[in-house]
4 protein chains.
Amino acid sequence: MARVRVGILGASGFGGSELLRILLFHPEVEIRHASSRRLAGKPLWEELPNLRGATDLTFSPFEPAKIAQACDVLISALPHGGVAAQAVSEALAANRNLRVIDLSGDFRLKDASLYEKFYGGAHAAPHLVKESVYGLPEFFREEIAQARLVANPGCFATATLLAILPLAKAGILSGWVVVDAQTGSTGLGAAPTARGHHPLRADNMRAYNMLAHRHMPEILQAVKRVSAQTIDLSFVPHSAPMTRGIFATAHARLPSGVDGERIEAAYRTTYAKAPFVRLLGGASPESRVVARTNYADLGWTVLGDKCVVISALDNLVKGEAGQAVQNLNLMHGWDEKTSLTWPGTTP
Amino acid sequence: MARVRVGILGASGFGGSELLRILLFHPEVEIRHASSRRLAGKPLWEELPNLRGATDLTFSPFEPAKIAQACDVLISALPHGGVAAQAVSEALAANRNLRVIDLSGDFRLKDASLYEKFYGGAHAAPHLVKESVYGLPEFFREEIAQARLVANPGCFATATLLAILPLAKAGILSGWVVVDAQTGSTGLGAAPTARGHHPLRADNMRAYNMLAHRHMPEILQAVKRVSAQTIDLSFVPHSAPMTRGIFATAHARLPSGVDGERIEAAYRTTYAKAPFVRLLGGASPESRVVARTNYADLGWTVLGDKCVVISALDNLVKGEAGQAVQNLNLMHGWDEKTSLTWPGTTP
Amino acid sequence: MARVRVGILGASGFGGSELLRILLFHPEVEIRHASSRRLAGKPLWEELPNLRGATDLTFSPFEPAKIAQACDVLISALPHGGVAAQAVSEALAANRNLRVIDLSGDFRLKDASLYEKFYGGAHAAPHLVKESVYGLPEFFREEIAQARLVANPGCFATATLLAILPLAKAGILSGWVVVDAQTGSTGLGAAPTARGHHPLRADNMRAYNMLAHRHMPEILQAVKRVSAQTIDLSFVPHSAPMTRGIFATAHARLPSGVDGERIEAAYRTTYAKAPFVRLLGGASPESRVVARTNYADLGWTVLGDKCVVISALDNLVKGEAGQAVQNLNLMHGWDEKTSLTWPGTTP
Amino acid sequence: MARVRVGILGASGFGGSELLRILLFHPEVEIRHASSRRLAGKPLWEELPNLRGATDLTFSPFEPAKIAQACDVLISALPHGGVAAQAVSEALAANRNLRVIDLSGDFRLKDASLYEKFYGGAHAAPHLVKESVYGLPEFFREEIAQARLVANPGCFATATLLAILPLAKAGILSGWVVVDAQTGSTGLGAAPTARGHHPLRADNMRAYNMLAHRHMPEILQAVKRVSAQTIDLSFVPHSAPMTRGIFATAHARLPSGVDGERIEAAYRTTYAKAPFVRLLGGASPESRVVARTNYADLGWTVLGDKCVVISALDNLVKGEAGQAVQNLNLMHGWDEKTSLTWPGTTP
């Protein structure tokens, strides 16, 4: 059978490079276009040296409509704040049969006022927001399978939601929820900045966007989807001295009568058929173990009514490109794990 | 005037090595003994190569009573769980005029049952517990000045208490308080272990002792000392891929009517005369900036009734050896800053 | 067709864990035994958390003869100095049809006196030394294909030989050759030691075994195999503050009349059909780009008669387990690249 | 007695920030100006958070002539290639009594054609080149003491020269000398670049400027100063995954009859009165041990006629700002060690 033709917008960034790494080995997919405004015409390996020898592809020019016409699926790894929304809109207009997975935050929030507040301006393609589907496969598998436009979740949001949604779904998450999370430096993207300058970023912990990070509203929106109870969220992201990974520690108070067994049951039930969520019980996940993989590891501890849930995943894979491919697999009825089972390394 | 004669027990470990680094340059102090069971007779620099050229001292045998008789002050950097308590007890018995600073957890907890629970056994010198003074200079300066036996606080406890005690003291800390904290690998001490093996520890985030860390009871005990209100603490320590530093993020809910200005005032007032606490307002501290120094940097954010306070310090300096020297300075009426003002580096 | 049955001795160490990671996805292979003296009976993922969810295998007891009888191929990841030689000898005695790949240094050196000098004692299975084949596929492909016993090269030796053998083979390497090389901390193996303690190993460069490293004689032995000219080697290994990788910088003086074009030709010709050696011309390889892959990247610079050749590879993959699988593929006539083409990551 | 008034040009960069850190604690010096074009008027600690609480100074505008008139000594931490030369020239013209230490490469090379080749253009102040003194205190102490203009050596050059000059001086260094050296990322300076982007720089080894680095001609020039014999140098710099440090491994062949004892004597004699060079004999220096200090550690190994010398120092201190202060001390007849004895840390 013919392979599904995939186009990638923004292929030279970190998210794009991980999409390429995964999709080059995907048996059902043909990468038709990997676009980069800056690098059009150059071989992929000039920017992405890990792909040297793996492919002869060159970067395509940034032409969303043209690429859309040549492809069955478009994956956008463009930046949020309009660039992605605009390109996705053009692409969908150019090909009625196109299906799109967008890695940016542009199509995640249903509430326009929240979008404007957190992304700093009016939406560039508001007509598409309603139909977009939030691409967290462990919870919205069926919708994703049918979607024309998937909004791939943020990396912090994925880590947090995998930790707390089972409790929300079970009706035992309410009140104040506190999440502290750490990200590796690849979360900064490929462009050099003062914050990512090695002499200052190495060996350093800092927090940023305290109580004001963009992933907060998408976390709350997803909780509302699965639970009648509301939560009050304190979320603080931190940058940690590593390159890969999201590590999230979530704290909640349990309703009277809910004990460790019930918590364990909530996780076991929710993820019984989730191939990429691994349950560690009382042990802590480790970010190194899931680095460069599509796995998310979860552990939890209950003491009295206090509950701590910890999740670790790779920000660029399960937190971005790998999750996009997982969604791609679901959208085509392929095995959800296709091209995503590589297990990472121990040391 | 004659210099004060100091003896160090356990001088070859990481805490001891930092004591030596600081005290070798202290104008009021003479290091009379630096003991190590394993290395007695060897020059310090064989184990502590940073001290090559800085001193001709050799390690003394581990003889607490004998060292006590030759010194005015004893600083113990021995492990908790009885080793420290036993040696301190012997030393105080051998010299009635001796003053002691103990870096272990053995003399921090006043409640014997808590000690047994968190340190795994009966106390080896219970007769000394009552008189011991908790050595957090920013809050207990006067007591420290008079003390015969100072229990130097734990590194996580110092970072957490500097963050939350100003609120407790101002009567605006109550209810559930959540603290997530990260430590560098020097917190493991000098002996190699699987947890500290570089191939596994590098590039890795993990949590440990969730809701069960030894520093929790000393945090709660100190809060009780300064506030009539009780708190309920969730504390989760993490190991971060760096060598130096404690980075703590504390979350609290504020009573109605308490706003950012009042919080700022609490910090400004509490630390008006604290030379080693630096207030950053809404900015995040960075662990690299305080590494290898005695400074603790604090930042905070208030949004509605949610308050986040962040503190960063070096686990071996302000979290251990530096704080011990700060206490030593207070005990002798010297300038609190003596030998402790070195400012760290920017990159 | 039935899969080839593979047994791994020493499967819980770093080399063994990488063998498992690769062979679990090898389409021609069935892992029949993964032995560990210490962990017999336990699931692999208890020690190797990256394999959680990837396999239900448990560690087998350390029984070389029994494992040999149940397998077609044995790969030993046991330590050198007799442990490996003894086990390999027992295994080969127990199964006449067995083929063996040994990852240790025990079967690399043909000269018994050199073995004794560099490995500190008499050989435990001298009768097998003669037939062993040095498993560097880029140079000894045909012998490897026929071998019963393959001695897998050392990581430093592989990096150095890939850099200098093309020149030796072309008859333009002679006189004094200087190689400085860096290794990541995974080269230490899985057992914690003072040298691998994170607080001391992180952020640190040091040299060790200057002019006396065990990989020197195997480098010289291989040079002799391909060239009539002798070289005089200065080799200095260094430990670098990273977990994965060998990075080697080799210096030579060229004979009169040999220029950059001739050097380039030597590399292009030698590696024309080598799928895992990538030639970068005048650019420097980067250890990060080849980390966790079976690729070795080479770059070179010629200025007058001075030649610098640089090679980078992953010590546990192309420098150990990956190269073993490459040899396994050659021994069975499978595509050399089977299960080894995963391309690493850019960031 | 009045303190010597010092002005710093380019004070916000990494070299400048280290000068400030050291000079703020120098008992003979008053920092009169710390200039920064970009940050004029702002407190130092806004850019250099380590100095928060240590000083109330603000950055001065970049006005070399005006600063020169207000100071006794000017230290320039401006970039090479004319910026430094131009500013130094203006400053010296504005104050006849001014003495200058220049941290750039602009005044190191006496040969104008070499300057043009390695620094890419004609010299901006050729009239000053002749009188400039190469500021390597261990070898040119007397000249430095008298100098009006000191050209502070490069970091790689300092590490290399401290390793090989004792042999050159003893007349036992000749022929081909090979040096491979590693630098930490602070060598990149404070401006973010692709090469310094943390996701790509972390965990990575690479070489650069193979056989073509700017510090090569100053190394050869210094060798010529102390020896009648010429050497042929292969120098390859590498970037290592750490923030601080230069680690250099030098290889030479010894003349017949020269053994380890003679080598040891050369080092012991040369550095008998050098307070910042520490001799480790056969042990390897470690970059971590000298990080953030003005010490350079040296070790060496002799095997037959092969000699390996290894040196480690901090690129920003002994390789830049610390060495500048050492020169400043010599120029004023102060103890060479003033403000420079802080010993680093073991872990």
# chains A, B, ... in the order shown; residues from 1 in each chain; ligands from 1

$ residues_around --residues "segment 269-276 of chain B" --least-positions-apart "4" --cutoff "9 Å" --atoms "only C-alpha atoms" --output "count of residues only"
18

$ select_by_dssp --residues "segment 139-335 of chain A" --states "strand (DSSP E or B)" --output "PyMOL selection string"
chain A and resi 149-151+175-183+197+206-207+231-239+246-253+277-279+286+296-303+306-313

$ write_last_selection --atoms "C-alpha atoms" --output "PDB file, in the first residue's frame"
ATOM      1  CA  LEU A 149      -6.650  19.055  13.338  1.00  0.00           C
ATOM      2  CA  VAL A 150      -4.799  17.828  16.422  1.00  0.00           C
ATOM      3  CA  ALA A 151      -3.352  20.309  18.908  1.00  0.00           C
ATOM      4  CA  GLY A 175      -8.975  21.860  45.841  1.00  0.00           C
ATOM      5  CA  TRP A 176      -5.462  23.181  45.738  1.00  0.00           C
ATOM      6  CA  VAL A 177      -3.037  21.272  43.541  1.00  0.00           C
ATOM      7  CA  VAL A 178       0.640  22.231  43.519  1.00  0.00           C
ATOM      8  CA  VAL A 179       2.988  21.245  40.710  1.00  0.00           C
ATOM      9  CA  ASP A 180       6.706  22.006  40.547  1.00  0.00           C
ATOM     10  CA  ALA A 181       8.336  20.902  37.321  1.00  0.00           C
ATOM     11  CA  GLN A 182      11.795  20.950  35.775  1.00  0.00           C
ATOM     12  CA  THR A 183      12.734  21.135  32.137  1.00  0.00           C
ATOM     13  CA  HIS A 197      24.189  30.166  27.142  1.00  0.00           C
ATOM     14  CA  ARG A 206      16.239  28.517  38.518  1.00  0.00           C
ATOM     15  CA  ALA A 207      12.490  29.021  38.382  1.00  0.00           C
ATOM     16  CA  ILE A 231      -9.051  22.475  41.043  1.00  0.00           C
ATOM     17  CA  ASP A 232      -6.954  25.456  41.992  1.00  0.00           C
ATOM     18  CA  LEU A 233      -3.499  25.130  40.458  1.00  0.00           C
ATOM     19  CA  SER A 234      -0.123  26.508  41.537  1.00  0.00           C
ATOM     20  CA  PHE A 235       2.352  25.651  38.801  1.00  0.00           C
ATOM     21  CA  VAL A 236       6.025  26.649  38.846  1.00  0.00           C
ATOM     22  CA  PRO A 237       8.381  25.646  36.025  1.00  0.00           C
ATOM     23  CA  HIS A 238      12.115  25.427  36.636  1.00  0.00           C
ATOM     24  CA  SER A 239      15.097  25.070  34.378  1.00  0.00           C
ATOM     25  CA  ILE A 246      10.445  17.102  32.039  1.00  0.00           C
ATOM     26  CA  PHE A 247      10.250  16.077  35.659  1.00  0.00           C
ATOM     27  CA  ALA A 248       7.037  17.029  37.466  1.00  0.00           C
ATOM     28  CA  THR A 249       6.123  16.666  41.129  1.00  0.00           C
ATOM     29  CA  ALA A 250       2.402  17.090  41.827  1.00  0.00           C
ATOM     30  CA  HIS A 251       0.885  17.495  45.298  1.00  0.00           C
ATOM     31  CA  ALA A 252      -2.762  17.030  46.230  1.00  0.00           C
ATOM     32  CA  ARG A 253      -4.884  16.423  49.324  1.00  0.00           C
ATOM     33  CA  VAL A 277       2.909   5.090  30.484  1.00  0.00           C
ATOM     34  CA  ARG A 278       4.870   2.948  32.904  1.00  0.00           C
ATOM     35  CA  LEU A 279       3.756   2.723  36.523  1.00  0.00           C
ATOM     36  CA  GLU A 286      14.130   9.209  36.711  1.00  0.00           C
ATOM     37  CA  ALA A 296       6.369   8.556  30.578  1.00  0.00           C
ATOM     38  CA  ASP A 297       7.170   7.026  33.950  1.00  0.00           C
ATOM     39  CA  LEU A 298       4.889   7.650  36.948  1.00  0.00           C
ATOM     40  CA  GLY A 299       5.350   7.068  40.676  1.00  0.00           C
ATOM     41  CA  TRP A 300       3.252   8.107  43.666  1.00  0.00           C
ATOM     42  CA  THR A 301       3.302   8.257  47.440  1.00  0.00           C
ATOM     43  CA  VAL A 302       0.375   8.603  49.805  1.00  0.00           C
ATOM     44  CA  LEU A 303       0.780   9.579  53.456  1.00  0.00           C
ATOM     45  CA  LYS A 306      -1.303  13.844  51.296  1.00  0.00           C
ATOM     46  CA  CYS A 307      -0.572  12.534  47.836  1.00  0.00           C
ATOM     47  CA  VAL A 308       2.522  13.109  45.733  1.00  0.00           C
ATOM     48  CA  VAL A 309       2.603  12.022  42.105  1.00  0.00           C
ATOM     49  CA  ILE A 310       5.747  12.245  40.063  1.00  0.00           C
ATOM     50  CA  SER A 311       6.110  11.979  36.328  1.00  0.00           C
ATOM     51  CA  ALA A 312       9.110  12.016  34.044  1.00  0.00           C
ATOM     52  CA  LEU A 313       9.236  12.149  30.278  1.00  0.00           C
TER      53      LEU A 313
END

$ closest_residue --among "C:Pro241, C:Met331, C:Ala124, C:Gly184" --to "Ala291 of chain C" --atoms "only C-alpha atoms"
C:Gly184

$ interface_residues --of "chain D" --to "chain A" --cutoff "10 Å" --atoms "only C-alpha atoms" --output "list in words"
Phe14, Gly184, Ser185, Thr186, Gly187, Leu188, Gly189, Ala190, Ala191, Pro192, Thr193, Ala194, Arg195, Gly196, His197, His198, Pro199, Leu200, Arg201, Ala202, Asp203, Pro241, Met242, Thr243 and Arg244 of chain D

$ residues_around --residues "Leu19 of chain B" --least-positions-apart "2" --cutoff "9 Å" --atoms "only C-alpha atoms" --output "number ranges by chain"
B: 8, 11, 14-17, 21-24, 75, 77, 317, 320-322, 324-325

$ residues_around --residues "segment 287-289 of chain B" --least-positions-apart "3" --cutoff "6 Å" --atoms "only C-alpha atoms" --output "VMD selection string"
(chain A and resid 204 to 205) or (chain B and resid 245 312) or (chain D and resid 50)

$ select_by_dssp --residues "segment 81-251 of chain D" --states "helix (DSSP H, G or I)" --output "PyMOL selection string"
chain D and resi 83-94+112-119+126-128+137-146+155-169+185-188+194-196+198-201+215-226

$ residues_around --residues "Asp305 of chain B" --least-positions-apart "4" --cutoff "9 Å" --atoms "only C-alpha atoms" --output "ChimeraX atom specification"
/B:252-259

$ atom_distance --atom1 "atom CA of Pro217 of chain A" --atom2 "atom CA of Glu143 of chain A"
20.3 Å

$ closest_residue --among "D:Asp72, D:Asp102, D:Glu261, D:Glu63" --to "Val6 of chain D" --atoms "only C-alpha atoms"
D:Asp72

$ residues_around --residues "Ser35 of chain C" --least-positions-apart "3" --cutoff "12 Å" --atoms "only C-alpha atoms" --output "MDAnalysis selection string"
chainID C and resid 6:13 16:17 20 31:32 38:44 57:68 74:78 87

$ write_last_selection --atoms "N, CA and C atoms" --output "short mmCIF file (atom, residue, chain, number, x, y, z; two decimals), in the first residue's frame"
data_model
loop_
_atom_site.label_atom_id
_atom_site.label_comp_id
_atom_site.auth_asym_id
_atom_site.auth_seq_id
_atom_site.Cartn_x
_atom_site.Cartn_y
_atom_site.Cartn_z
N VAL C 6 20.91 -16.50 21.43
CA VAL C 6 22.06 -15.79 21.99
C VAL C 6 22.02 -15.84 23.51
N GLY C 7 23.17 -16.08 24.10
CA GLY C 7 23.33 -15.96 25.54
C GLY C 7 24.30 -14.84 25.86
N ILE C 8 23.99 -14.09 26.89
CA ILE C 8 24.87 -12.99 27.30
C ILE C 8 25.37 -13.26 28.70
N LEU C 9 26.68 -13.25 28.87
CA LEU C 9 27.26 -13.37 30.22
C LEU C 9 27.61 -11.98 30.74
N GLY C 10 27.25 -11.69 31.96
CA GLY C 10 27.53 -10.35 32.51
C GLY C 10 26.56 -9.33 31.96
N ALA C 11 25.28 -9.70 31.93
CA ALA C 11 24.28 -8.88 31.24
C ALA C 11 23.84 -7.66 32.03
N SER C 12 24.21 -7.57 33.30
CA SER C 12 23.71 -6.46 34.10
C SER C 12 24.65 -5.26 34.10
N GLY C 13 25.85 -5.43 33.55
CA GLY C 13 26.79 -4.31 33.47
C GLY C 13 26.42 -3.37 32.34
N GLY C 16 26.69 -5.15 28.91
CA GLY C 16 25.58 -6.09 28.80
C GLY C 16 24.26 -5.40 28.58
N SER C 17 24.05 -4.31 29.28
CA SER C 17 22.77 -3.61 29.15
C SER C 17 22.60 -3.05 27.75
N LEU C 20 21.66 -5.91 25.41
CA LEU C 20 20.24 -6.23 25.55
C LEU C 20 19.38 -5.22 24.80
N ILE C 31 17.09 -13.74 22.46
CA ILE C 31 17.94 -13.75 23.66
C ILE C 31 17.46 -14.88 24.56
N ARG C 32 18.30 -15.91 24.66
CA ARG C 32 17.90 -17.07 25.44
C ARG C 32 18.31 -16.91 26.90
N ARG C 38 24.73 -11.84 40.44
CA ARG C 38 24.11 -11.12 41.55
C ARG C 38 22.59 -11.05 41.44
N LEU C 39 22.07 -11.07 40.21
CA LEU C 39 20.66 -10.75 40.03
C LEU C 39 19.83 -11.89 39.47
N ALA C 40 20.39 -13.10 39.51
CA ALA C 40 19.70 -14.25 38.92
C ALA C 40 18.26 -14.34 39.43
N GLY C 41 17.33 -14.51 38.52
CA GLY C 41 15.92 -14.66 38.89
C GLY C 41 15.14 -13.35 38.85
N LYS C 42 15.83 -12.25 38.87
CA LYS C 42 15.12 -10.96 38.86
C LYS C 42 14.83 -10.50 37.44
N PRO C 43 13.73 -9.78 37.26
CA PRO C 43 13.45 -9.24 35.93
C PRO C 43 14.53 -8.24 35.52
N LEU C 44 14.83 -8.22 34.24
CA LEU C 44 15.88 -7.32 33.75
C LEU C 44 15.64 -5.88 34.18
N LEU C 57 11.96 -10.84 30.25
CA LEU C 57 13.07 -11.72 30.61
C LEU C 57 13.54 -11.49 32.04
N THR C 58 14.08 -12.54 32.64
CA THR C 58 14.75 -12.43 33.94
C THR C 58 16.22 -12.78 33.75
N PHE C 59 17.03 -12.32 34.69
CA PHE C 59 18.45 -12.69 34.65
C PHE C 59 18.60 -14.17 34.94
N SER C 60 19.47 -14.83 34.18
CA SER C 60 19.81 -16.23 34.42
C SER C 60 20.97 -16.31 35.39
N PRO C 61 21.13 -17.45 36.07
CA PRO C 61 22.33 -17.63 36.88
C PRO C 61 23.58 -17.66 35.99
N PHE C 62 24.71 -17.43 36.62
CA PHE C 62 25.96 -17.43 35.89
C PHE C 62 26.45 -18.87 35.71
N GLU C 63 26.05 -19.49 34.61
CA GLU C 63 26.41 -20.89 34.35
C GLU C 63 26.88 -21.01 32.91
N PRO C 64 28.13 -20.65 32.65
CA PRO C 64 28.62 -20.57 31.27
C PRO C 64 28.39 -21.84 30.46
N ALA C 65 28.67 -23.00 31.06
CA ALA C 65 28.55 -24.24 30.28
C ALA C 65 27.08 -24.50 29.92
N LYS C 66 26.23 -24.33 30.89
CA LYS C 66 24.81 -24.59 30.67
C LYS C 66 24.22 -23.62 29.64
N ILE C 67 24.60 -22.38 29.77
CA ILE C 67 24.11 -21.38 28.82
C ILE C 67 24.65 -21.70 27.42
N ALA C 68 25.91 -22.14 27.36
CA ALA C 68 26.51 -22.47 26.07
C ALA C 68 25.71 -23.57 25.37
N LEU C 74 27.40 -17.06 22.08
CA LEU C 74 27.58 -16.51 23.42
C LEU C 74 28.30 -15.18 23.30
N ILE C 75 27.77 -14.16 23.95
CA ILE C 75 28.50 -12.89 24.02
C ILE C 75 28.87 -12.66 25.47
N SER C 76 30.16 -12.53 25.71
CA SER C 76 30.60 -12.33 27.08
C SER C 76 30.91 -10.86 27.35
N ALA C 77 30.22 -10.32 28.33
CA ALA C 77 30.50 -8.95 28.78
C ALA C 77 31.11 -9.00 30.17
N LEU C 78 31.88 -10.06 30.41
CA LEU C 78 32.54 -10.22 31.70
C LEU C 78 33.84 -9.43 31.73
N ALA C 87 35.43 -18.26 31.50
CA ALA C 87 34.04 -18.56 31.14
C ALA C 87 33.92 -18.92 29.67
#

$ decode --residues "segment 276-288 of chain A" --atoms "N, CA, C and O atoms" --output "short mmCIF file (atom, residue, chain, number, x, y, z; two decimals), in the first residue's frame"
data_model
loop_
_atom_site.label_atom_id
_atom_site.label_comp_id
_atom_site.auth_asym_id
_atom_site.auth_seq_id
_atom_site.Cartn_x
_atom_site.Cartn_y
_atom_site.Cartn_z
N PHE A 276 2.68 3.60 26.59
CA PHE A 276 3.84 4.46 26.86
C PHE A 276 3.86 5.02 28.28
O PHE A 276 4.74 5.79 28.62
N VAL A 277 2.89 4.65 29.09
CA VAL A 277 2.91 5.09 30.48
C VAL A 277 3.30 3.90 31.35
O VAL A 277 2.62 2.87 31.33
N ARG A 278 4.39 4.05 32.07
CA ARG A 278 4.87 2.95 32.90
C ARG A 278 4.69 3.34 34.36
O ARG A 278 5.08 4.44 34.78
N LEU A 279 4.12 2.41 35.13
CA LEU A 279 3.76 2.72 36.52
C LEU A 279 4.78 2.12 37.47
O LEU A 279 5.00 0.91 37.47
N LEU A 280 5.40 2.98 38.28
CA LEU A 280 6.48 2.54 39.15
C LEU A 280 6.05 2.40 40.61
O LEU A 280 6.90 2.14 41.47
N GLY A 281 4.78 2.60 40.89
CA GLY A 281 4.34 2.50 42.28
C GLY A 281 5.04 3.52 43.15
O GLY A 281 5.07 4.71 42.81
N GLY A 282 5.63 3.08 44.26
CA GLY A 282 6.22 4.01 45.21
C GLY A 282 7.61 4.52 44.85
O GLY A 282 8.18 5.33 45.57
N ALA A 283 8.16 4.03 43.75
CA ALA A 283 9.50 4.47 43.35
C ALA A 283 9.42 5.76 42.55
O ALA A 283 8.41 6.06 41.93
N SER A 284 10.49 6.52 42.59
CA SER A 284 10.50 7.75 41.80
C SER A 284 10.93 7.45 40.37
O SER A 284 11.89 6.71 40.14
N PRO A 285 10.25 8.04 39.40
CA PRO A 285 10.78 8.03 38.03
C PRO A 285 12.12 8.74 38.00
O PRO A 285 12.48 9.47 38.93
N GLU A 286 12.86 8.52 36.91
CA GLU A 286 14.13 9.21 36.71
C GLU A 286 14.14 9.74 35.29
O GLU A 286 13.83 9.01 34.34
N SER A 287 14.50 11.01 35.16
CA SER A 287 14.40 11.62 33.84
C SER A 287 15.34 10.97 32.83
O SER A 287 15.03 10.85 31.65
N ARG A 288 16.51 10.51 33.30
CA ARG A 288 17.48 9.89 32.40
C ARG A 288 16.93 8.63 31.74
O ARG A 288 17.25 8.32 30.60
#
